[in-house]
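Student: My structure file entry.txt, compact mmCIF, C-alpha atoms and all ligand atoms, is below:
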# COMPACT_ATOMS: atom_id res chain seq x y z
CA MET M 11 23.14 1.26 -1.90
CA ALA M 12 19.65 2.58 -1.18
CA ARG M 13 17.43 0.97 1.39
CA ILE M 14 13.84 0.97 0.16
CA LEU M 15 11.02 0.37 2.61
CA THR M 16 7.28 0.24 2.33
CA GLY M 17 4.36 -1.17 4.26
CA ILE M 18 0.91 -2.30 3.32
CA GLN M 19 -1.89 -2.50 5.83
CA SER M 20 -3.51 -5.87 6.29
CA THR M 21 -7.11 -4.84 5.91
CA GLY M 22 -8.40 -7.42 3.48
CA VAL M 23 -7.29 -8.72 0.13
CA PRO M 24 -5.23 -6.23 -1.91
CA HIS M 25 -7.09 -4.65 -4.83
CA LEU M 26 -6.05 -3.16 -8.13
CA GLY M 27 -5.31 0.23 -6.51
CA ASN M 28 -2.93 -1.40 -4.03
CA ALA M 29 -1.28 -3.43 -6.79
CA LEU M 30 -0.74 -0.48 -9.16
CA GLY M 31 -0.12 2.14 -6.48
CA ALA M 32 2.07 0.21 -4.06
CA ILE M 33 2.94 -3.41 -4.75
CA GLU M 34 4.01 -3.31 -8.40
CA PRO M 35 6.03 -0.09 -8.14
CA GLY M 36 7.64 -1.51 -5.00
CA ILE M 37 8.61 -4.73 -6.74
CA GLU M 38 9.96 -2.78 -9.69
CA ILE M 39 12.17 -0.67 -7.46
CA SER M 40 13.35 -3.76 -5.57
CA LYS M 41 14.70 -5.15 -8.85
CA GLN M 42 16.95 -2.18 -9.50
CA ALA M 43 20.57 -3.02 -8.92
CA GLY M 44 22.05 -1.71 -5.72
CA ASN M 45 18.78 -1.51 -3.82
CA GLU M 46 17.77 -3.58 -0.81
CA SER M 47 14.07 -3.66 -0.13
CA PHE M 48 12.18 -3.93 3.13
CA PHE M 49 8.53 -4.69 2.51
CA PHE M 50 6.33 -5.46 5.46
CA ILE M 51 2.75 -6.08 6.43
CA ALA M 52 1.42 -3.41 8.76
CA ASP M 53 -0.74 -5.60 10.98
CA LEU M 54 -0.41 -3.31 14.02
CA HIS M 55 -1.86 -0.47 11.98
CA SER M 56 -4.76 -2.68 11.02
CA LEU M 57 -5.70 -3.08 14.71
CA THR M 58 -6.98 0.51 14.52
CA THR M 59 -9.89 -0.81 12.47
CA ILE M 60 -9.96 -4.63 12.69
CA LYS M 61 -10.51 -6.05 16.15
CA ASP M 62 -11.19 -9.64 15.13
CA ALA M 63 -7.94 -11.65 15.42
CA GLN M 64 -8.90 -14.24 12.84
CA GLU M 65 -9.82 -11.59 10.32
CA ARG M 66 -6.51 -9.79 10.85
CA LYS M 67 -4.55 -13.00 10.48
CA GLN M 68 -6.36 -13.89 7.30
CA SER M 69 -5.64 -10.42 5.95
CA VAL M 70 -1.94 -10.77 6.73
CA TYR M 71 -1.83 -13.94 4.66
CA ALA M 72 -3.83 -12.35 1.86
CA VAL M 73 -1.45 -9.39 1.67
CA ALA M 74 1.63 -11.59 1.86
CA ALA M 75 0.24 -13.91 -0.81
CA ALA M 76 -0.40 -10.89 -3.04
CA TRP M 77 3.20 -9.64 -2.78
CA LEU M 78 4.54 -13.13 -3.40
CA ALA M 79 2.14 -13.79 -6.26
CA LEU M 80 3.02 -10.50 -7.95
CA GLY M 81 6.64 -11.55 -7.93
CA PHE M 82 8.45 -10.07 -4.96
CA ASP M 83 11.76 -11.86 -4.51
CA VAL M 84 11.80 -12.52 -0.76
CA GLU M 85 15.12 -14.33 -0.78
CA ASN M 86 17.11 -11.36 -1.91
CA ASN M 87 15.10 -8.81 0.05
CA PHE M 88 13.39 -8.38 3.43
CA PHE M 89 9.77 -9.40 3.81
CA TYR M 90 8.23 -9.41 7.28
CA ARG M 91 5.24 -8.75 9.50
CA GLN M 92 5.28 -5.52 11.54
CA SER M 93 4.09 -7.15 14.79
CA ASP M 94 6.94 -9.70 14.73
CA ILE M 95 9.33 -6.85 15.54
CA PRO M 96 7.86 -5.24 18.69
CA GLN M 97 10.74 -2.74 18.90
CA VAL M 98 8.60 -0.65 16.56
CA THR M 99 6.16 0.12 19.38
CA GLU M 100 9.00 1.25 21.65
CA LEU M 101 10.29 3.63 18.98
CA THR M 102 6.71 4.84 18.49
CA TRP M 103 6.66 6.03 22.09
CA TYR M 104 9.95 7.90 21.83
CA LEU M 105 8.80 9.60 18.64
CA SER M 106 5.42 10.47 20.20
CA CYS M 107 7.20 12.53 22.80
CA PHE M 108 8.84 14.59 20.05
CA THR M 109 5.65 15.01 18.01
CA PRO M 110 3.70 18.23 18.44
CA TYR M 111 0.04 17.47 19.05
CA PRO M 112 -1.17 19.86 16.28
CA MET M 113 0.89 17.96 13.70
CA LEU M 114 -1.24 14.89 14.30
CA ALA M 115 -4.43 16.90 14.61
CA ASN M 116 -3.77 18.26 11.11
CA ALA M 117 -3.35 14.87 9.46
CA HIS M 118 -5.73 14.50 6.48
CA SER M 119 -6.04 10.78 7.03
CA PHE M 120 -7.15 11.22 10.64
CA LYS M 121 -9.74 13.82 9.70
CA ASP M 122 -10.99 11.57 6.95
CA LYS M 123 -11.15 8.48 9.18
CA SER M 124 -12.68 10.25 12.15
CA ASP M 125 -15.48 11.52 9.89
CA ARG M 126 -16.15 8.07 8.50
CA LEU M 127 -15.57 5.57 11.27
CA SER M 128 -17.66 4.98 14.37
CA ASP M 129 -14.66 3.73 16.41
CA VAL M 130 -12.47 6.83 16.59
CA ASN M 131 -9.70 5.45 18.80
CA ALA M 132 -6.39 7.01 19.82
CA GLY M 133 -4.57 4.51 17.61
CA LEU M 134 -6.08 6.22 14.58
CA PHE M 135 -4.78 9.51 15.88
CA THR M 136 -1.24 8.27 16.53
CA TYR M 137 -1.18 6.18 13.35
CA PRO M 138 1.40 8.45 11.68
CA VAL M 139 3.78 7.99 14.61
CA LEU M 140 3.73 4.22 14.28
CA MET M 141 4.23 4.67 10.55
CA ALA M 142 7.23 6.93 11.18
CA ALA M 143 8.65 4.30 13.54
CA ASP M 144 8.19 1.65 10.82
CA ILE M 145 10.43 3.66 8.56
CA LEU M 146 12.96 5.06 11.00
CA LEU M 147 13.52 1.70 12.75
CA TYR M 148 15.31 0.44 9.65
CA ASP M 149 17.21 3.56 8.55
CA ALA M 150 15.21 3.56 5.31
CA ASP M 151 16.42 5.85 2.52
CA GLN M 152 13.39 5.76 0.23
CA VAL M 153 9.73 5.01 0.84
CA PRO M 154 7.60 4.29 -2.22
CA VAL M 155 3.95 5.18 -1.54
CA GLY M 156 0.84 6.49 -3.22
CA LYS M 157 0.12 10.21 -3.12
CA ASP M 158 -2.32 9.77 -0.23
CA GLN M 159 0.58 8.86 2.04
CA GLN M 160 2.72 11.88 1.23
CA GLN M 161 1.71 13.80 4.33
CA HIS M 162 2.59 10.82 6.52
CA LEU M 163 6.05 10.77 4.99
CA GLU M 164 6.51 14.47 5.67
CA MET M 165 5.52 13.81 9.26
CA ALA M 166 8.03 10.97 9.54
CA ARG M 167 10.77 13.33 8.42
CA ASP M 168 9.59 15.99 10.86
CA MET M 169 9.57 13.51 13.74
CA ALA M 170 13.05 12.24 12.90
CA GLY M 171 14.28 15.83 12.70
CA ALA M 172 12.63 16.74 16.00
CA LEU M 173 14.19 13.80 17.83
CA ASN M 174 17.58 14.47 16.27
CA ARG M 175 17.42 18.11 17.34
CA GLY M 176 16.17 17.07 20.77
CA VAL M 177 19.18 14.86 21.41
CA ASN M 178 21.50 17.05 19.40
CA SER M 179 22.73 14.24 17.21
CA GLU M 180 21.87 12.65 13.84
CA ILE M 181 20.42 9.51 15.44
CA LEU M 182 17.67 8.90 12.90
CA LYS M 183 17.98 8.93 9.14
CA LEU M 184 15.52 11.19 7.29
CA PRO M 185 13.66 9.16 4.64
CA GLU M 186 12.60 10.36 1.20
CA ALA M 187 9.12 9.69 -0.15
CA VAL M 188 9.01 8.24 -3.63
CA ILE M 189 5.60 9.10 -5.07
CA ARG M 190 4.75 7.21 -8.21
CA GLU M 191 3.39 10.16 -10.16
CA SER M 192 2.45 8.21 -13.27
CA VAL M 193 -0.09 6.16 -11.34
CA LYS M 194 -1.28 8.73 -8.83
CA THR M 195 -4.64 7.68 -7.52
CA VAL M 196 -6.32 4.69 -9.09
CA PRO M 197 -10.07 5.37 -9.27
CA GLY M 198 -12.56 2.85 -7.94
CA THR M 199 -15.71 1.59 -9.60
CA ASP M 200 -17.58 4.73 -8.50
CA GLY M 201 -14.90 7.19 -9.62
CA GLN M 202 -13.63 8.06 -6.14
CA LYS M 203 -10.19 6.81 -5.06
CA MET M 204 -10.25 3.03 -5.04
CA SER M 205 -10.26 1.94 -1.41
CA LYS M 206 -11.44 -0.99 0.66
CA SER M 207 -13.14 1.47 2.93
CA TYR M 208 -15.28 2.90 0.11
CA GLY M 209 -16.45 -0.50 -1.14
CA ASN M 210 -15.48 0.45 -4.71
CA THR M 211 -12.59 -1.91 -5.34
CA ILE M 212 -11.62 -4.09 -8.27
CA ASP M 213 -10.40 -7.23 -6.58
CA LEU M 214 -7.84 -8.69 -8.90
CA PHE M 215 -7.53 -11.85 -6.80
CA ALA M 216 -11.27 -12.50 -6.57
CA PRO M 217 -12.93 -15.43 -8.37
CA ALA M 218 -13.57 -14.68 -12.05
CA LYS M 219 -17.28 -14.15 -11.60
CA GLN M 220 -16.88 -11.55 -8.87
CA LEU M 221 -14.14 -9.75 -10.77
CA LYS M 222 -16.39 -9.56 -13.81
CA LYS M 223 -19.27 -8.22 -11.75
CA GLN M 224 -17.09 -5.44 -10.33
CA VAL M 225 -15.72 -4.37 -13.70
CA MET M 226 -19.13 -4.46 -15.38
CA GLY M 227 -20.48 -2.43 -12.46
CA ILE M 228 -18.16 0.55 -12.98
CA THR M 229 -20.16 3.76 -12.94
CA THR M 230 -20.44 5.57 -16.29
CA ASP M 231 -22.65 8.38 -17.57
CA SER M 232 -25.72 7.74 -19.71
CA THR M 233 -24.39 8.79 -23.14
CA PRO M 234 -26.19 6.55 -25.66
CA LEU M 235 -24.26 3.87 -27.50
CA GLU M 236 -24.22 5.66 -30.88
CA GLU M 237 -22.87 8.94 -29.58
CA PRO M 238 -19.19 9.85 -29.18
CA LYS M 239 -17.94 9.68 -25.60
CA ASN M 240 -15.36 11.65 -23.72
CA PRO M 241 -12.54 9.32 -22.66
CA ASP M 242 -11.03 11.91 -20.35
CA THR M 243 -13.99 12.00 -18.00
CA CYS M 244 -14.62 8.25 -18.06
CA ASN M 245 -13.58 5.98 -15.29
CA VAL M 246 -13.40 2.89 -17.45
CA PHE M 247 -11.01 4.66 -19.80
CA THR M 248 -8.83 5.88 -16.94
CA LEU M 249 -8.47 2.35 -15.61
CA TYR M 250 -7.86 0.99 -19.09
CA ALA M 251 -5.14 3.57 -19.69
CA LEU M 252 -3.39 2.56 -16.47
CA LEU M 253 -3.06 -1.04 -17.68
CA ALA M 254 -2.84 -0.93 -21.46
CA ASP M 255 0.10 -0.14 -23.71
CA GLU M 256 0.27 3.04 -25.77
CA ALA M 257 -1.21 1.57 -28.95
CA GLN M 258 -4.13 0.04 -27.08
CA VAL M 259 -4.84 3.31 -25.31
CA SER M 260 -4.86 5.31 -28.52
CA GLU M 261 -7.17 2.75 -30.17
CA MET M 262 -9.53 2.91 -27.20
CA ARG M 263 -9.51 6.70 -27.40
CA GLN M 264 -10.57 6.48 -31.05
CA ASN M 265 -13.34 4.06 -30.09
CA TYR M 266 -14.70 6.53 -27.57
CA LEU M 267 -14.51 9.51 -29.87
CA GLY M 268 -15.92 7.64 -32.86
CA GLY M 269 -19.30 6.72 -31.36
CA ASN M 270 -21.08 3.40 -31.79
CA TYR M 271 -18.91 2.07 -29.04
CA GLY M 272 -20.67 1.45 -25.73
CA TYR M 273 -19.40 1.50 -22.19
CA GLY M 274 -20.19 -2.22 -22.08
CA HIS M 275 -17.63 -2.82 -24.83
CA ALA M 276 -15.03 -0.77 -23.00
CA LYS M 277 -15.68 -2.64 -19.76
CA LYS M 278 -15.27 -5.99 -21.52
CA ALA M 279 -11.95 -4.83 -22.96
CA LEU M 280 -10.86 -3.68 -19.50
CA LEU M 281 -11.83 -7.00 -17.92
CA GLU M 282 -9.88 -8.89 -20.55
CA LEU M 283 -6.86 -6.73 -19.91
CA ILE M 284 -7.02 -7.36 -16.16
CA VAL M 285 -7.51 -11.12 -16.52
CA ASN M 286 -4.65 -11.46 -19.01
CA ARG M 287 -2.25 -9.32 -17.07
CA TYR M 288 -2.89 -11.09 -13.78
CA SER M 289 -3.64 -14.68 -14.79
CA GLU M 290 -0.37 -16.09 -13.44
CA ALA M 291 -0.53 -14.01 -10.26
CA ARG M 292 -4.12 -15.10 -9.63
CA ALA M 293 -3.17 -18.78 -9.85
CA LYS M 294 -0.16 -18.29 -7.56
CA TYR M 295 -2.30 -16.40 -5.06
CA ASP M 296 -4.85 -19.21 -4.87
CA ALA M 297 -2.10 -21.80 -4.40
CA LEU M 298 -0.50 -19.86 -1.53
CA MET M 299 -3.79 -19.19 0.22
CA SER M 300 -4.54 -22.89 0.23
CA GLU M 301 -1.21 -23.50 2.05
CA PRO M 302 -0.73 -20.62 4.49
CA GLU M 303 2.11 -22.52 6.26
CA ILE M 304 4.30 -21.58 3.33
CA ILE M 305 3.45 -17.90 3.81
CA GLU M 306 4.01 -18.15 7.58
CA GLU M 307 7.44 -19.68 7.05
CA GLN M 308 8.48 -16.86 4.73
CA LEU M 309 7.38 -14.27 7.28
CA GLN M 310 9.36 -15.98 10.06
CA ILE M 311 12.48 -16.03 7.92
CA GLY M 312 11.93 -12.34 7.17
CA ALA M 313 11.55 -11.44 10.84
CA GLU M 314 14.87 -13.14 11.68
CA LYS M 315 16.57 -11.15 8.93
CA VAL M 316 15.37 -7.72 10.09
CA ARG M 317 15.47 -8.20 13.87
CA PRO M 318 19.18 -7.35 14.31
CA ILE M 319 18.74 -4.09 12.39
CA ALA M 320 15.77 -3.01 14.51
CA ASN M 321 17.65 -3.90 17.69
CA GLU M 322 20.62 -1.84 16.69
CA VAL M 323 18.55 1.26 15.87
CA VAL M 324 16.47 1.06 19.04
CA LYS M 325 19.64 0.69 21.10
CA ARG M 326 21.02 3.81 19.44
CA VAL M 327 17.84 5.79 20.20
CA ARG M 328 17.66 4.56 23.81
CA ALA M 329 21.25 5.55 24.42
CA SER M 330 20.70 8.98 22.90
CA LEU M 331 17.78 9.54 25.27
CA GLY M 332 19.65 8.27 28.30
CA TYR M 333 17.76 4.99 28.78
P1 LIG M 401 -7.24 1.05 1.17
O1 LIG M 401 -7.53 2.50 0.93
O2 LIG M 401 -7.93 0.19 0.20
O3 LIG M 401 -7.48 0.62 2.59
P2 LIG M 401 -4.51 1.06 1.88
O4 LIG M 401 -4.74 2.31 2.66
O5 LIG M 401 -4.29 -0.21 2.63
O6 LIG M 401 -5.70 0.85 0.88
O7 LIG M 401 -3.30 1.33 0.88
C1 LIG M 401 -2.18 0.50 0.71
C2 LIG M 401 -1.21 1.10 -0.30
O8 LIG M 401 -1.82 1.17 -1.57
C3 LIG M 401 -0.77 2.52 0.03
O9 LIG M 401 0.62 2.67 -0.33
C4 LIG M 401 -1.62 3.39 -0.84
O10 LIG M 401 -0.98 4.58 -1.20
C5 LIG M 401 -1.83 2.50 -2.05
N1 LIG M 401 -3.14 2.74 -2.59
C6 LIG M 401 -4.33 2.42 -2.02
N2 LIG M 401 -5.36 2.78 -2.79
C7 LIG M 401 -4.80 3.33 -3.88
C8 LIG M 401 -5.34 3.91 -5.06
N3 LIG M 401 -6.65 3.97 -5.25
N4 LIG M 401 -4.49 4.40 -5.98
C9 LIG M 401 -3.16 4.34 -5.80
N5 LIG M 401 -2.58 3.81 -4.73
C10 LIG M 401 -3.39 3.31 -3.76
N1 LIG M 402 -0.07 3.84 6.07
C1 LIG M 402 0.29 3.07 4.92
C2 LIG M 402 -0.96 2.90 4.07
O1 LIG M 402 -2.05 2.99 4.54
C3 LIG M 402 0.83 1.71 5.29
C4 LIG M 402 2.11 1.84 6.04
C5 LIG M 402 2.30 1.58 7.36
C6 LIG M 402 3.35 2.26 5.50
N2 LIG M 402 3.58 1.82 7.69
C7 LIG M 402 4.25 2.23 6.58
C8 LIG M 402 3.77 2.68 4.24
C9 LIG M 402 5.58 2.63 6.42
C10 LIG M 402 5.09 3.05 4.06
C11 LIG M 402 5.99 3.03 5.15
O2 LIG M 402 -0.81 2.64 2.92
Let's see the structure in the file written out as structure tokens.
Ligand code: ADP
Ligand code: TRP

Tutor:
Amino acid sequence: MARILTGIQSTGVPHLGNALGAIEPGIEISKQAGNESFFFIADLHSLTTIKDAQERKQSVYAVAAAWLALGFDVENNFFYRQSDIPQVTELTWYLSCFTPYPMLANAHSFKDKSDRLSDVNAGLFTYPVLMAADILLYDADQVPVGKDQQQHLEMARDMAGALNRGVNSEILKLPEAVIRESVKTVPGTDGQKMSKSYGNTIDLFAPAKQLKKQVMGITTDSTPLEEPKNPDTCNVFTLYALLADEAQVSEMRQNYLGGNYGYGHAKKALLELIVNRYSEARAKYDALMSEPEIIEEQLQIGAEKVRPIANEVVKRVRASLGY
């Protein structure tokens, strides 16, 4: 039996990149026989960037509603909010003391964030330690993440190894990253990686009008309508190919290569694909967001389910360190 664990930061409403890169692959894995899945909302991580309590709370509900709407079976798995299990911050401290400073200084995500953000706080710097604690606190075997999180996973393994060597015992289980290669990085409307922080998202749970505006606003080159277009350098095509079946993709490729097919046509086809694929999830999402008590109840049930596991692991670590 493999224990699968993954977290999603509560920094707004999940977008298409989050759905394709994290939520859907996670749900798929959770359905495989013999797996038990721990999926949680990383609301302590989001404090590195969101200081407004109401905004964070709203984001937690939005993320939870997204997982539920996309079909995560919370009854047969573990679904919880990071901050409901404060043992994670205790483990973070122990791991910090086994983490070489240069390891954190070399983190791509810290370099990236410290270049971009005006509030460069220590929480951003120690972010990978909290993430390692998230994983190690539950003896996770496999961690499905996008490629951008690979370095964090390597760090989590290094930290676990360092603590184990430090106490001369296999106290912490080393997790494996599961990178969904077929999806890799979902591009945003401007061609860079889709990310809330770049303002280039396709918000699959947004009202129809906004969703349409985002899709129609995808950046393309200025090849005239009549001329053939290169699908392999086009953002719209890349997104289309991530969502469509094989026959649809090959037809779209022919449309591009044949000419007399404009980017506007391709965008319309992409929008239709998104709306069809997510119509049920969008309705479920709206229903849940109008009754957040239902979401809250699910999170409380989840916290009760994981608490004993976290307690047991922290006890083990404390004892190994002589506390
Ligand atoms: P954002 O960059 O929008 O703030 P997060 O950092 O909260 O997104 O990412 C949450 C999860 O979604 C992570 O597992 C991450 O790997 C995945 N993810 C985010 N953006 C993308 C993307 N553009 N393509 C693939 N996966 C993504
Ligand atoms: N850092 C991850 C992200 O930005 C979210 C996260 C927090 C996470 N803790 C985790 C992912 C533990 C996997 C395992 O996407």

Student: Between M:Thr109, M:Asn178, M:Ser20, M:Ser124, which residue has the minimum interatomic distance to M:Val70, considering all atoms listed in the file?

Tutor: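 Among the listed residues, M:Ser20 lies closest to M:Val70.
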
Student: Where does chain M meet ligand LIG 402 (chain M) within 6 Å, residue by residue, with the nearest atom pair and distance in Å to one decimal for each, counting all atoms listed in the file, listed by chain and rising number, as a tab-separated table?

Tutor:
residue	atom	partner	partner_atom	distance
M:Thr16	CA	M:LIG402	C10	4.0
M:Gly17	CA	M:LIG402	C6	3.8
M:Ile18	CA	M:LIG402	C3	4.5
M:Gln19	CA	M:LIG402	C3	5.0
M:Ala52	CA	M:LIG402	C5	5.3
M:Met141	CA	M:LIG402	N2	4.1
M:Asp144	CA	M:LIG402	C9	5.2
M:Ile145	CA	M:LIG402	C9	5.4
M:Val153	CA	M:LIG402	C10	6.0

Student: Now that the selection is made, can you save its residues with C-alpha atoms as a CSV table (one decimal), in the coordinates of the input?

Tutor:
chain,number,residue,atom,x,y,z
M,16,THR,CA,7.3,0.2,2.3
M,17,GLY,CA,4.4,-1.2,4.3
M,18,ILE,CA,0.9,-2.3,3.3
M,19,GLN,CA,-1.9,-2.5,5.8
M,52,ALA,CA,1.4,-3.4,8.8
M,141,MET,CA,4.2,4.7,10.6
M,144,ASP,CA,8.2,1.6,10.8
M,145,ILE,CA,10.4,3.7,8.6
M,153,VAL,CA,9.7,5.0,0.8

Student: Enumerate as a PyMOL selection string the residues within 10 Å of ligand LIG 401 (chain M), counting all atoms listed in the file.

Tutor: chain M and resi 16-33+35-36+51-52+55-56+73+119+153-160+189-191+193-198+201-212

Student: Nearest to M:Val316 among M:Lys67, M:Leu57, M:Tyr90, M:Leu15, with distances taken over all atoms listed in the file: which residue is it?

Tutor: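 Going through M:Lys67, M:Leu57, M:Tyr90, M:Leu15 one by one, the smallest distance to M:Val316 is for M:Tyr90.
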
Student: Expressed in Å to a single decimal, how great is the separation between atom CA of M:Ala216 and atom CA of M:Glu301?

Tutor: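 Separating atom CA of M:Ala216 from atom CA of M:Glu301 is a distance of 17.2 Å.
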
Student: In Å, rounded to a single decimal, give me how far atom CA of M:Asn321 is from atom CA of M:Pro96.

Tutor: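 Result for atom CA of M:Pro96 versus atom CA of M:Asn321: 9.9 Å, one decimal.
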
Student: What's the 9 Å shell around M:Val139, counting only C-alpha atoms, without same-chain residues fewer than 3 positions away, as a list of chain:residue names?

Tutor: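 Listing them by chain and then by number gives M:Leu101, M:Thr102, M:Trp103, M:Leu105, M:Ser106, M:Thr109, M:Leu114, M:Phe135, M:Thr136, M:Ala142, M:Ala143, M:Asp144, M:His162, M:Met165, M:Ala166, M:Met169.
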
Student: In terms of the shortest atom-to-atom distance over only C-alpha atoms, which of M:Ala293, M:Asp62, M:Val225, M:Val323 is closest to M:Lys278?

Tutor: M:Val225

Student: By how many Å are atom CA of M:Pro238 and atom CA of M:Leu221 apart?

Tutor: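 Going from atom CA of M:Pro238 over to atom CA of M:Leu221 covers 27.4 Å.
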
Student: Which is closest to M:Asp296 among M:Lys223, M:Val98, M:Pro217, M:Asp151, if we use all atoms listed in the file?

Tutor: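 Looking only at the distances to M:Asp296, the closest residue turns out to be M:Pro217.
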